[in-house]
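Visitor: Sharing run-v3.cif, mmCIF, C-alpha atoms and all ligand atoms:
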data_query
#
loop_
_atom_site.label_atom_id
_atom_site.label_comp_id
_atom_site.auth_asym_id
_atom_site.auth_seq_id
_atom_site.Cartn_x
_atom_site.Cartn_y
_atom_site.Cartn_z
CA MET A 1 19.05 -17.41 -35.57
CA ARG A 2 18.11 -15.31 -32.57
CA ILE A 3 14.82 -16.58 -31.16
CA LEU A 4 12.34 -15.18 -28.66
CA LEU A 5 9.94 -17.76 -27.22
CA LEU A 6 6.88 -16.46 -25.34
CA GLY A 7 5.42 -18.36 -22.39
CA SER A 8 6.32 -19.97 -19.09
CA GLY A 9 4.87 -23.47 -18.83
CA GLY A 10 5.88 -27.06 -19.43
CA ARG A 11 5.05 -26.60 -23.10
CA GLU A 12 7.54 -23.75 -23.37
CA HIS A 13 10.20 -25.70 -21.47
CA ALA A 14 9.80 -28.57 -23.96
CA ILE A 15 9.93 -26.18 -26.94
CA SER A 16 13.01 -24.42 -25.56
CA TRP A 17 14.68 -27.79 -24.93
CA LYS A 18 14.06 -28.72 -28.57
CA ILE A 19 15.09 -25.34 -30.04
CA ALA A 20 18.31 -25.45 -28.01
CA GLN A 21 19.32 -28.59 -29.95
CA SER A 22 19.11 -26.82 -33.30
CA SER A 23 22.29 -26.19 -35.26
CA MET A 24 20.58 -23.06 -36.61
CA LEU A 25 20.32 -21.43 -33.16
CA ASP A 26 22.55 -18.53 -32.11
CA GLU A 27 20.70 -17.36 -29.04
CA LEU A 28 17.39 -18.23 -27.36
CA PHE A 29 15.41 -15.96 -25.04
CA ILE A 30 12.30 -17.03 -23.16
CA ALA A 31 9.78 -14.48 -21.90
CA PRO A 32 9.18 -14.92 -19.05
CA GLY A 33 10.20 -18.60 -18.86
CA ASN A 34 10.65 -20.65 -15.68
CA ALA A 35 13.39 -22.35 -13.70
CA GLY A 36 13.63 -25.04 -16.39
CA THR A 37 13.80 -22.87 -19.50
CA ARG A 38 16.82 -21.03 -18.11
CA LEU A 39 18.82 -24.22 -18.75
CA HIS A 40 18.31 -23.75 -22.51
CA GLY A 41 18.36 -19.99 -22.97
CA LYS A 42 18.05 -16.69 -21.20
CA ASN A 43 14.85 -15.88 -19.32
CA VAL A 44 13.69 -12.29 -19.72
CA PRO A 45 11.05 -10.69 -17.48
CA ILE A 46 8.64 -9.64 -20.20
CA ASN A 47 4.89 -10.15 -20.16
CA PRO A 48 3.87 -11.84 -23.45
CA LEU A 49 0.63 -9.84 -23.39
CA ASN A 50 2.49 -6.52 -23.38
CA PHE A 51 3.17 -6.23 -27.11
CA ASP A 52 5.05 -2.93 -26.81
CA GLU A 53 7.52 -4.52 -24.40
CA VAL A 54 7.90 -7.51 -26.73
CA LYS A 55 8.54 -5.16 -29.66
CA LYS A 56 11.19 -3.21 -27.76
CA PHE A 57 13.01 -6.40 -26.83
CA VAL A 58 12.83 -7.77 -30.37
CA ILE A 59 14.41 -4.59 -31.75
CA ASP A 60 17.02 -4.20 -28.98
CA GLN A 61 18.13 -7.82 -29.24
CA ASP A 62 17.93 -8.14 -33.00
CA ILE A 63 15.53 -11.10 -32.80
CA ASP A 64 14.96 -13.09 -36.02
CA MET A 65 11.80 -14.96 -35.05
CA VAL A 66 9.17 -14.92 -32.30
CA VAL A 67 7.65 -18.25 -31.29
CA VAL A 68 4.40 -17.98 -29.34
CA GLY A 69 3.60 -20.76 -26.83
CA PRO A 70 0.22 -19.88 -25.26
CA GLU A 71 -3.06 -18.87 -26.93
CA GLU A 72 -3.69 -15.56 -25.23
CA PRO A 73 -1.15 -13.39 -27.10
CA LEU A 74 -2.39 -14.95 -30.36
CA VAL A 75 -6.07 -14.40 -29.64
CA ASN A 76 -5.16 -10.83 -28.62
CA GLY A 77 -3.49 -10.31 -32.00
CA ILE A 78 0.28 -10.39 -31.50
CA ALA A 79 0.83 -11.57 -35.10
CA ASP A 80 -1.27 -8.67 -36.45
CA PHE A 81 0.57 -6.26 -34.15
CA PHE A 82 3.89 -7.25 -35.72
CA LEU A 83 2.56 -7.17 -39.29
CA SER A 84 1.13 -3.68 -38.91
CA ASP A 85 4.30 -2.12 -37.48
CA GLU A 86 6.90 -0.86 -39.98
CA GLN A 87 9.80 -1.56 -37.61
CA ILE A 88 9.00 -5.22 -36.97
CA LYS A 89 6.76 -6.33 -39.83
CA LYS A 90 9.53 -8.45 -41.37
CA ILE A 91 10.11 -10.43 -38.18
CA PRO A 92 8.09 -13.63 -38.40
CA VAL A 93 5.76 -14.59 -35.58
CA ILE A 94 5.10 -18.32 -35.33
CA GLY A 95 1.44 -18.43 -34.43
CA PRO A 96 -1.76 -17.45 -36.23
CA ASN A 97 -3.18 -13.95 -36.58
CA LYS A 98 -6.19 -12.76 -34.62
CA ILE A 99 -8.85 -14.00 -37.01
CA ALA A 100 -7.19 -17.38 -37.48
CA ALA A 101 -6.79 -17.72 -33.69
CA GLN A 102 -10.59 -17.49 -33.43
CA LEU A 103 -10.56 -21.23 -34.15
CA GLU A 104 -9.70 -21.42 -30.45
CA GLY A 105 -10.90 -17.99 -29.28
CA SER A 106 -14.53 -18.54 -30.25
CA LYS A 107 -16.28 -21.92 -30.11
CA ASP A 108 -19.06 -20.50 -32.30
CA PHE A 109 -16.53 -19.38 -34.94
CA ALA A 110 -14.96 -22.87 -34.88
CA LYS A 111 -18.35 -24.60 -35.18
CA GLN A 112 -19.38 -22.39 -38.11
CA PHE A 113 -16.04 -23.06 -39.78
CA MET A 114 -16.44 -26.83 -39.42
CA HIS A 115 -20.03 -26.69 -40.61
CA ARG A 116 -19.01 -24.67 -43.69
CA HIS A 117 -16.24 -27.11 -44.61
CA ASN A 118 -18.00 -30.35 -43.77
CA ILE A 119 -15.61 -31.29 -40.97
CA PRO A 120 -17.08 -33.92 -38.63
CA THR A 121 -18.08 -32.47 -35.25
CA ALA A 122 -20.97 -32.67 -32.79
CA LYS A 123 -24.30 -31.09 -33.81
CA TYR A 124 -24.82 -27.77 -32.13
CA GLY A 125 -26.69 -24.52 -31.63
CA THR A 126 -25.35 -21.13 -30.50
CA PHE A 127 -27.36 -18.86 -28.21
CA SER A 128 -27.00 -15.42 -26.62
CA LYS A 129 -28.87 -13.49 -23.93
CA GLU A 130 -31.40 -12.41 -26.56
CA SER A 131 -32.04 -16.00 -27.68
CA LEU A 132 -32.06 -17.63 -24.21
CA ASN A 133 -35.59 -18.94 -24.67
CA GLU A 134 -34.63 -20.64 -27.93
CA GLY A 135 -31.63 -22.12 -26.13
CA LEU A 136 -33.89 -23.55 -23.42
CA ARG A 137 -36.15 -25.07 -26.09
CA PHE A 138 -33.08 -26.43 -27.90
CA LEU A 139 -32.11 -28.24 -24.69
CA ASP A 140 -35.62 -29.79 -24.52
CA ASN A 141 -34.90 -31.41 -27.86
CA MET A 142 -31.43 -32.73 -26.93
CA LYS A 143 -30.62 -35.92 -25.07
CA SER A 144 -28.72 -36.13 -21.77
CA PRO A 145 -25.87 -35.48 -21.05
CA TYR A 146 -26.01 -31.83 -22.10
CA VAL A 147 -22.81 -30.12 -23.23
CA LEU A 148 -22.66 -26.33 -22.69
CA LYS A 149 -19.64 -24.35 -23.84
CA ALA A 150 -18.85 -20.71 -23.18
CA ASP A 151 -17.96 -19.20 -26.55
CA GLY A 152 -14.77 -17.39 -25.50
CA LEU A 153 -11.52 -18.29 -23.75
CA ALA A 154 -12.27 -19.49 -20.22
CA ALA A 155 -8.96 -21.05 -19.15
CA GLY A 156 -10.27 -24.58 -19.63
CA LYS A 157 -13.24 -24.02 -17.31
CA GLY A 158 -15.82 -23.04 -19.92
CA VAL A 159 -17.24 -26.50 -20.70
CA LEU A 160 -20.06 -27.98 -18.62
CA ILE A 161 -21.35 -31.52 -19.07
CA ILE A 162 -24.62 -31.96 -17.21
CA ASN A 163 -26.90 -34.98 -16.85
CA ASP A 164 -30.05 -33.30 -15.58
CA LEU A 165 -32.17 -31.22 -17.97
CA ASN A 166 -33.32 -28.71 -15.35
CA GLU A 167 -29.77 -28.18 -14.13
CA ALA A 168 -28.62 -27.65 -17.72
CA LYS A 169 -31.36 -25.05 -18.14
CA SER A 170 -30.42 -23.19 -15.00
CA GLU A 171 -26.71 -23.22 -15.98
CA LEU A 172 -27.56 -21.88 -19.42
CA THR A 173 -29.56 -19.12 -17.76
CA ALA A 174 -26.72 -18.37 -15.32
CA ILE A 175 -24.16 -18.05 -18.12
CA LEU A 176 -26.30 -15.96 -20.46
CA SER A 177 -28.26 -13.76 -18.04
CA GLU A 178 -26.03 -13.66 -14.98
CA ASP A 179 -22.63 -13.51 -16.72
CA LYS A 180 -21.35 -16.62 -14.93
CA PHE A 181 -18.33 -16.77 -17.29
CA GLY A 182 -18.07 -13.02 -17.89
CA VAL A 183 -17.52 -11.96 -21.51
CA ALA A 184 -16.41 -15.48 -22.46
CA GLY A 185 -20.05 -16.53 -21.88
CA GLN A 186 -21.82 -13.88 -23.93
CA LYS A 187 -22.59 -16.71 -26.30
CA VAL A 188 -23.04 -20.38 -25.46
CA VAL A 189 -22.63 -23.33 -27.78
CA ILE A 190 -24.89 -26.26 -26.88
CA GLU A 191 -23.60 -29.52 -28.33
CA GLN A 192 -24.57 -33.10 -28.84
CA PHE A 193 -22.59 -35.31 -26.43
CA LEU A 194 -20.11 -37.57 -28.22
CA LYS A 195 -19.10 -40.83 -26.60
CA GLY A 196 -15.65 -42.16 -27.34
CA ILE A 197 -11.97 -41.89 -26.53
CA GLU A 198 -10.11 -38.60 -27.04
CA LEU A 199 -6.75 -37.87 -28.61
CA SER A 200 -4.74 -34.79 -29.57
CA VAL A 201 -3.38 -34.37 -33.07
CA PHE A 202 -1.03 -31.56 -34.09
CA ILE A 203 0.14 -30.01 -37.30
CA ILE A 204 2.40 -27.17 -38.18
CA THR A 205 1.38 -25.18 -41.26
CA ASP A 206 2.59 -22.26 -43.37
CA GLY A 207 -0.92 -21.76 -44.72
CA ASP A 208 -0.37 -23.86 -47.82
CA SER A 209 1.15 -27.14 -46.77
CA TYR A 210 1.38 -28.81 -43.40
CA LYS A 211 3.39 -31.38 -41.49
CA LEU A 212 1.82 -33.82 -39.11
CA LEU A 213 3.52 -33.99 -35.70
CA PRO A 214 3.41 -37.04 -33.41
CA GLU A 215 -0.08 -37.53 -31.94
CA ALA A 216 -0.66 -37.75 -28.20
CA LYS A 217 -3.23 -38.60 -25.59
CA ASP A 218 -3.80 -36.33 -22.64
CA TYR A 219 -5.25 -37.26 -19.23
CA LYS A 220 -7.34 -34.29 -18.11
CA ARG A 221 -9.01 -35.30 -14.86
CA ILE A 222 -7.34 -34.89 -11.49
CA GLY A 223 -8.26 -38.35 -10.20
CA GLU A 224 -7.23 -41.85 -11.18
CA GLY A 225 -9.50 -43.63 -13.63
CA ASP A 226 -10.29 -40.22 -15.18
CA THR A 227 -12.41 -39.03 -12.27
CA GLY A 228 -12.82 -35.72 -10.46
CA LEU A 229 -12.27 -32.18 -11.65
CA ASN A 230 -10.90 -31.17 -15.03
CA THR A 231 -7.31 -29.90 -15.05
CA GLY A 232 -4.95 -28.50 -17.66
CA GLY A 233 -3.71 -32.07 -18.11
CA MET A 234 -2.13 -34.60 -15.75
CA GLY A 235 -0.05 -36.64 -18.15
CA ALA A 236 0.32 -37.64 -21.78
CA ILE A 237 1.51 -40.45 -23.98
CA SER A 238 2.69 -40.69 -27.57
CA PRO A 239 2.13 -42.56 -29.83
CA VAL A 240 -1.53 -43.35 -29.18
CA PRO A 241 -2.06 -47.12 -29.59
CA PHE A 242 -5.53 -46.90 -31.16
CA ALA A 243 -4.43 -44.26 -33.68
CA ASP A 244 -3.38 -46.77 -36.30
CA SER A 245 -2.61 -45.78 -39.88
CA GLY A 246 -6.20 -46.30 -41.02
CA PHE A 247 -7.54 -44.00 -38.30
CA MET A 248 -4.80 -41.42 -38.91
CA ASP A 249 -5.68 -41.45 -42.64
CA LYS A 250 -9.30 -40.67 -41.75
CA ILE A 251 -8.09 -37.81 -39.56
CA GLN A 252 -5.97 -36.38 -42.36
CA ASN A 253 -8.61 -36.77 -45.08
CA GLN A 254 -11.72 -35.82 -43.14
CA ILE A 255 -10.31 -33.24 -40.74
CA ILE A 256 -6.79 -31.92 -41.33
CA ILE A 257 -6.86 -31.41 -45.10
CA PRO A 258 -10.34 -29.81 -45.06
CA THR A 259 -9.20 -27.53 -42.22
CA VAL A 260 -6.06 -26.29 -43.99
CA LYS A 261 -7.93 -25.90 -47.30
CA GLY A 262 -10.93 -24.32 -45.57
CA LEU A 263 -8.78 -21.67 -43.93
CA LYS A 264 -7.25 -20.84 -47.28
CA GLN A 265 -10.67 -20.74 -48.96
CA ASP A 266 -11.96 -18.39 -46.27
CA GLY A 267 -9.02 -16.07 -46.93
CA ILE A 268 -7.46 -16.80 -43.54
CA ASP A 269 -3.67 -16.98 -43.60
CA TYR A 270 -2.75 -19.46 -40.86
CA LYS A 271 0.89 -19.81 -39.86
CA GLY A 272 1.72 -21.89 -36.85
CA PHE A 273 0.52 -24.90 -34.92
CA ILE A 274 -2.99 -26.31 -35.03
CA PHE A 275 -4.04 -28.61 -32.21
CA PHE A 276 -7.01 -30.82 -33.10
CA GLY A 277 -8.80 -32.05 -29.98
CA LEU A 278 -10.45 -35.18 -31.41
CA ILE A 279 -12.67 -37.99 -30.25
CA ASN A 280 -12.84 -41.47 -31.73
CA VAL A 281 -16.51 -42.42 -31.99
CA LYS A 282 -16.73 -46.06 -33.09
CA GLY A 283 -13.74 -45.72 -35.39
CA ASP A 284 -14.59 -42.29 -36.82
CA PRO A 285 -12.83 -39.07 -35.75
CA TYR A 286 -14.80 -35.95 -34.72
CA VAL A 287 -13.45 -32.55 -33.70
CA ILE A 288 -14.17 -31.60 -30.09
CA GLU A 289 -12.17 -28.38 -30.32
CA TYR A 290 -9.43 -26.57 -32.15
CA ASN A 291 -6.57 -24.84 -30.37
CA CYS A 292 -4.24 -22.38 -32.05
CA ARG A 293 -1.16 -23.59 -30.14
CA MET A 294 0.45 -26.79 -28.93
CA GLY A 295 -1.05 -28.73 -26.03
CA ASP A 296 0.30 -28.94 -22.53
CA PRO A 297 1.34 -31.58 -21.40
CA GLU A 298 1.18 -33.08 -24.91
CA THR A 299 4.15 -30.98 -26.05
CA GLU A 300 6.24 -32.68 -23.36
CA VAL A 301 5.91 -35.94 -25.32
CA VAL A 302 5.59 -34.51 -28.85
CA MET A 303 8.85 -32.50 -28.82
CA PRO A 304 10.92 -35.42 -27.53
CA ARG A 305 9.47 -37.59 -30.32
CA LEU A 306 10.40 -35.07 -33.02
CA LYS A 307 13.70 -36.08 -34.57
CA SER A 308 13.92 -33.20 -37.07
CA ASP A 309 15.30 -29.76 -36.32
CA LEU A 310 12.39 -27.68 -35.02
CA LEU A 311 13.93 -24.39 -36.16
CA ASP A 312 14.21 -25.72 -39.69
CA LEU A 313 10.47 -26.46 -39.65
CA LEU A 314 9.66 -23.07 -38.10
CA GLU A 315 11.75 -21.33 -40.72
CA GLY A 316 9.75 -23.26 -43.32
CA VAL A 317 6.57 -21.81 -41.81
CA ALA A 318 7.99 -18.29 -41.76
CA THR A 319 9.17 -18.40 -45.39
CA ASN A 320 6.29 -20.43 -46.84
CA THR A 321 8.62 -23.27 -47.74
CA LEU A 322 7.39 -25.88 -45.29
CA SER A 323 6.71 -28.35 -48.13
CA GLU A 324 10.45 -28.48 -48.84
CA ARG A 325 11.34 -29.42 -45.27
CA ASP A 326 11.74 -32.91 -43.95
CA ILE A 327 10.07 -34.20 -40.80
CA GLN A 328 11.04 -37.34 -38.93
CA PHE A 329 9.94 -38.84 -35.65
CA VAL A 330 11.86 -40.76 -33.01
CA ASP A 331 10.75 -44.36 -33.20
CA LYS A 332 10.20 -44.75 -29.46
CA ALA A 333 7.27 -44.24 -27.14
CA ALA A 334 7.22 -41.27 -24.79
CA ALA A 335 5.21 -40.73 -21.63
CA THR A 336 4.95 -37.78 -19.29
CA VAL A 337 3.36 -37.50 -15.85
CA MET A 338 2.55 -34.17 -14.22
CA MET A 339 3.60 -33.59 -10.64
CA VAL A 340 1.16 -31.05 -9.24
CA SER A 341 0.65 -29.11 -6.02
CA GLY A 342 -1.74 -30.84 -3.59
CA GLY A 343 -5.15 -29.19 -3.88
CA TYR A 344 -4.84 -28.36 -7.58
CA PRO A 345 -7.00 -27.58 -9.58
CA GLU A 346 -8.61 -25.78 -6.64
CA ASN A 347 -6.57 -24.16 -3.85
CA TYR A 348 -2.92 -25.01 -3.40
CA LYS A 349 0.28 -23.59 -1.96
CA LYS A 350 3.07 -22.10 -4.03
CA GLY A 351 6.69 -21.53 -3.09
CA GLN A 352 7.46 -25.12 -2.02
CA GLN A 353 11.09 -26.10 -2.39
CA ILE A 354 11.64 -28.92 -4.88
CA TYR A 355 14.21 -31.62 -4.03
CA GLY A 356 15.84 -34.33 -6.08
CA LEU A 357 15.78 -32.73 -9.52
CA ASN A 358 19.45 -33.52 -10.09
CA THR A 359 19.12 -37.17 -9.13
CA VAL A 360 16.94 -37.96 -12.14
CA THR A 361 18.95 -39.69 -14.86
CA GLU A 362 16.46 -41.72 -16.90
CA SER A 363 13.91 -38.99 -17.62
CA ILE A 364 13.66 -35.41 -18.80
CA VAL A 365 12.15 -33.16 -16.16
CA PHE A 366 10.22 -30.35 -17.83
CA HIS A 367 9.31 -27.49 -15.53
CA ALA A 368 5.71 -26.30 -15.73
CA GLY A 369 5.25 -24.01 -12.73
CA THR A 370 8.60 -23.23 -11.12
CA THR A 371 10.76 -20.26 -10.19
CA SER A 372 14.27 -20.14 -8.90
CA ASP A 373 15.94 -18.48 -5.99
CA GLY A 374 19.61 -18.92 -6.83
CA PRO A 375 20.17 -22.66 -7.16
CA THR A 376 16.94 -23.42 -5.27
CA VAL A 377 13.90 -24.35 -7.36
CA LEU A 378 10.46 -23.50 -5.97
CA SER A 379 6.96 -24.39 -7.12
CA SER A 380 5.00 -21.47 -8.53
CA GLY A 381 1.83 -23.02 -9.90
CA GLY A 382 -0.63 -25.89 -9.76
CA ARG A 383 1.13 -27.95 -12.38
CA VAL A 384 4.78 -27.98 -11.31
CA LEU A 385 6.80 -30.57 -13.26
CA ALA A 386 6.23 -32.87 -16.23
CA VAL A 387 8.48 -35.90 -16.05
CA THR A 388 9.01 -37.43 -19.50
CA SER A 389 10.68 -40.70 -20.45
CA PHE A 390 11.26 -42.70 -23.57
CA GLY A 391 10.83 -46.44 -23.86
CA LYS A 392 10.81 -49.11 -26.48
CA THR A 393 7.18 -49.50 -25.46
CA LEU A 394 4.79 -47.19 -23.65
CA ASP A 395 4.93 -49.50 -20.66
CA VAL A 396 8.68 -49.06 -20.32
CA ALA A 397 8.46 -45.28 -20.78
CA LEU A 398 5.87 -45.07 -18.01
CA GLN A 399 7.89 -47.27 -15.67
CA ARG A 400 10.90 -44.98 -16.13
CA THR A 401 8.83 -41.89 -15.44
CA TYR A 402 7.30 -43.37 -12.27
CA LYS A 403 10.76 -44.39 -11.07
CA SER A 404 12.04 -40.84 -11.59
CA LEU A 405 9.00 -39.35 -9.85
CA ASN A 406 9.99 -41.35 -6.79
CA ASP A 407 13.21 -39.36 -6.60
CA ILE A 408 11.58 -35.91 -6.74
CA GLU A 409 9.90 -34.33 -3.77
CA PHE A 410 8.10 -31.23 -2.63
CA GLN A 411 5.56 -30.72 0.10
CA ASN A 412 2.07 -31.97 -0.80
CA ALA A 413 3.12 -33.12 -4.26
CA TYR A 414 0.54 -35.26 -6.09
CA TYR A 415 0.54 -37.17 -9.35
CA ARG A 416 -1.72 -39.72 -10.99
CA LYS A 417 -0.33 -43.25 -10.86
CA ASP A 418 -2.45 -44.52 -13.73
CA ILE A 419 -1.40 -42.50 -16.78
CA GLY A 420 -1.85 -44.72 -19.84
CA PHE A 421 -4.19 -47.06 -17.91
CA ASP A 422 -6.87 -47.05 -20.59
CA VAL A 423 -4.69 -47.94 -23.56
CA LEU A 424 -2.08 -50.33 -22.15
P1 LIG A 501 -12.96 -28.46 -24.61
O1 LIG A 501 -12.57 -27.32 -23.73
O2 LIG A 501 -13.83 -28.08 -25.77
O3 LIG A 501 -11.79 -29.34 -24.97
O4 LIG A 501 -13.84 -29.42 -23.71
C1 LIG A 501 -13.31 -29.95 -22.53
C2 LIG A 501 -13.63 -31.41 -22.44
O5 LIG A 501 -15.04 -31.60 -22.42
C3 LIG A 501 -13.16 -32.20 -23.63
O6 LIG A 501 -11.83 -32.59 -23.52
C4 LIG A 501 -14.09 -33.38 -23.60
O7 LIG A 501 -13.66 -34.33 -22.66
C5 LIG A 501 -15.37 -32.80 -23.11
N1 LIG A 501 -16.26 -32.47 -24.23
C6 LIG A 501 -16.33 -31.32 -24.91
N2 LIG A 501 -17.25 -31.38 -25.89
C7 LIG A 501 -17.79 -32.61 -25.84
C8 LIG A 501 -18.79 -33.30 -26.58
N3 LIG A 501 -19.46 -32.71 -27.58
N4 LIG A 501 -19.07 -34.57 -26.25
C9 LIG A 501 -18.41 -35.18 -25.23
N5 LIG A 501 -17.48 -34.59 -24.49
C10 LIG A 501 -17.15 -33.33 -24.78
N1 LIG A 502 -3.74 -30.51 -22.72
C1 LIG A 502 -4.82 -29.80 -23.29
C2 LIG A 502 -4.51 -28.42 -23.69
O1 LIG A 502 -3.38 -28.01 -23.78
O2 LIG A 502 -5.46 -27.69 -23.95
#
Could you show the structure in this file as structure tokens?
Ligand code: AMP
Ligand code: GLY
Guide:
Amino acid sequence: MRILLLGSGGREHAISWKIAQSSMLDELFIAPGNAGTRLHGKNVPINPLNFDEVKKFVIDQDIDMVVVGPEEPLVNGIADFFLSDEQIKKIPVIGPNKIAAQLEGSKDFAKQFMHRHNIPTAKYGTFSKESLNEGLRFLDNMKSPYVLKADGLAAGKGVLIINDLNEAKSELTAILSEDKFGVAGQKVVIEQFLKGIELSVFIITDGDSYKLLPEAKDYKRIGEGDTGLNTGGMGAISPVPFADSGFMDKIQNQIIIPTVKGLKQDGIDYKGFIFFGLINVKGDPYVIEYNCRMGDPETEVVMPRLKSDLLDLLEGVATNTLSERDIQFVDKAAATVMMVSGGYPENYKKGQQIYGLNTVTESIVFHAGTTSDGPTVLSSGGRVLAVTSFGKTLDVALQRTYKSLNDIEFQNAYYRKDIGFDVL
């Protein structure tokens, strides 16, 4: 098969690494990719949001399947674009269509969906500029802390958790009347605060059946002990020790099966990955959010723990034969730690030369934000590298990763030294 993978982060490096191992692969292209993905295929300078450019490439290169990494092309309708074009309608896109991607693209859509299908989630209300006063009254009747979520995509910055009622009211006003989050904040979801421990669960589905992928736990805050600003994710582990078979059964029965069935019932044809952002509240799972793609850095532990051929599974999605495919996991723990640019998630420098990449032997170094200048690898983002290791236990996997991190260097590099601290 000739595959085009869209995206350029650590997630896409991990997916390209996995696809490259498939016996079904003829050639892999990554658009635009990074200095890591070029080890597994050919990087092509195409913007995944420019669908006409993607189409031209797909035709010129005789591509058999397009795999979409990030959410934006999906929420913008890349799957619909393919389906509505005579020349490319037969080429499968792995990733949901525009309506299905609203599970991530609109928090209000996701909440209504969960409400309709009895899927456990926090109680909520949705408000717009016109209903600001109702929103303020709604806050009066909620308990602290107050959770405010911009309805649309806000690059991970659209969720505010506020202790003080008056501050929550002024933030709600700022989002709805002063466009604090632009169009993403035209509606705001106000939610009950759920207390518990989070985990990320993934499936791949062809719209009828699904396969569960290895679960993971992400560490989102910049500081040790889960303190400081929210980031895209600073590390991840898989499996998740508290996700025992009883808890995973609850997740499948109360959340995953109702989601897949609910989509079907609503006439939404979902083909691709679903990422369930969940929270364990006293032994019961609740949905915090849906994403229409894989997680990052979770993918950097999920792909290594997938034993089966990823292209075989993706072909099952494309041809509606996923139920006939086999899925197996690697029976080892995996851990990844993100090496980021000092200053991230606020201001940081790009273009720092990275040293020591070739000295790492016990880990897989996934590139998240890198570019290359000949053989030289330079940082090009806040999250730069995700260093993944296997171990018989999580402890061992983490020790290997931290040992490898010692051998890699760039100016002002930072990483959390406590990934896994809460579950070990
Ligand atoms: P989201 O973008 O929806 O994943 O929200 C970002 C983060 O905010 C989540 O990972 C949670 O840590 C936190 N969060 C979101 N909603 C809630 C909630 N209802 N209760 C507690 N924490 C929440
Ligand atoms: N790691 C969380 C996300 O990908 O949204």
Visitor: Pick out the residues no farther than 10 Å from ligand LIG 502 (chain A), counting all atoms listed in the file, and list them as a ChimeraX atom specification.
Guide: /A:11,70-71,104,155-156,199-200,216-220,231-236,275-277,289-299
Visitor: Show me which residues sit within 6 Å of ligand LIG 501 (chain A) when counting only C-alpha atoms and all ligand atoms, and put them as a list in words.
Guide: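 The distance check yields Ala122, Gly156, Val159, Glu191, Gln192, Phe193, Leu194, Lys195, Ile288 and Glu289 of chain A.
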Visitor: Taking into account all atoms listed in the file, which residue in the set A:Asn34, A:Ile354, A:Phe127, A:Met65 is nearest to Lys89 (chain A)?
Guide: A:Met65
Visitor: So how many Å separate CA of Ile364 (chain A) and CA of Val387 (chain A), to one decimal?
Guide: 5.9 Å
Visitor: Using only C-alpha atoms, find the one residue out of A:Phe138, A:Phe113, A:Tyr210, A:Phe366 that sits nearest to Gly10 (chain A).
Guide: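 Ranked by minimum distance to Gly10 (chain A), first place goes to A:Phe366.
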Visitor: Report as a PyMOL selection string all protein, DNA and RNA residues lying within 9 Å of region 247-261 of chain A, evaluated on only C-alpha atoms, omitting residues in the same chain fewer than 5 positions from it.
Guide: chain A and resi 113-114+117-120+201+203+205+207-210+212+242+266+270+276+278+280+283-287
Visitor: Figure out the distance between CA of Glu215 (chain A) and CA of Thr336 (chain A), please, to one decimal in Å.
Guide: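 About the pair CA of Thr336 (chain A) and CA of Glu215 (chain A): they are 13.6 Å apart.
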Visitor: Please, what distance in Å, to one decimal, runs between CA of Glu315 (chain A) and CA of Leu74 (chain A)?
Guide: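 Value for the CA of Glu315 (chain A)-CA of Leu74 (chain A) distance: 18.7 Å.
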Visitor: List the neighbours of Gly351 (chain A) out to 10 Å using all atoms listed in the file; skip same-chain residues closer than 5 positions along the sequence, and give me the result as JSON, numbers by chain.
Guide: {"A": [370, 371, 372, 377, 378, 379, 380, 381, 410, 411]}
Visitor: Considering only C-alpha atoms, can you say which of A:Glu167, A:Asp326, A:Glu300, A:Asp226 comes closest to Asp418 (chain A)?
Guide: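 For Asp418 (chain A), the nearest of the given residues is A:Asp226.
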Visitor: A:Ser8, A:Gln399, A:Gln328, A:Ser245: which is nearest His367 (chain A), counting all atoms listed in the file?
Guide: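 The shortest atom-to-atom distance to His367 (chain A) comes from A:Ser8.
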Visitor: Nearest to Gly7 (chain A) among A:Glu130, A:Glu72, A:Asp395, A:Glu324, with distances taken over all atoms listed in the file: which residue is it?
Guide: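 Looking at the shortest contact to Gly7 (chain A), the residue is A:Glu72.
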Visitor: So that I can check the surroundings of Lys42 (chain A), please list as number ranges by chain every protein, DNA and RNA residue that reaches within 9 Å of it, counting only C-alpha atoms and ignoring chain neighbours fewer than 2 positions away.
Guide: A: 27-31, 33, 37-40, 44
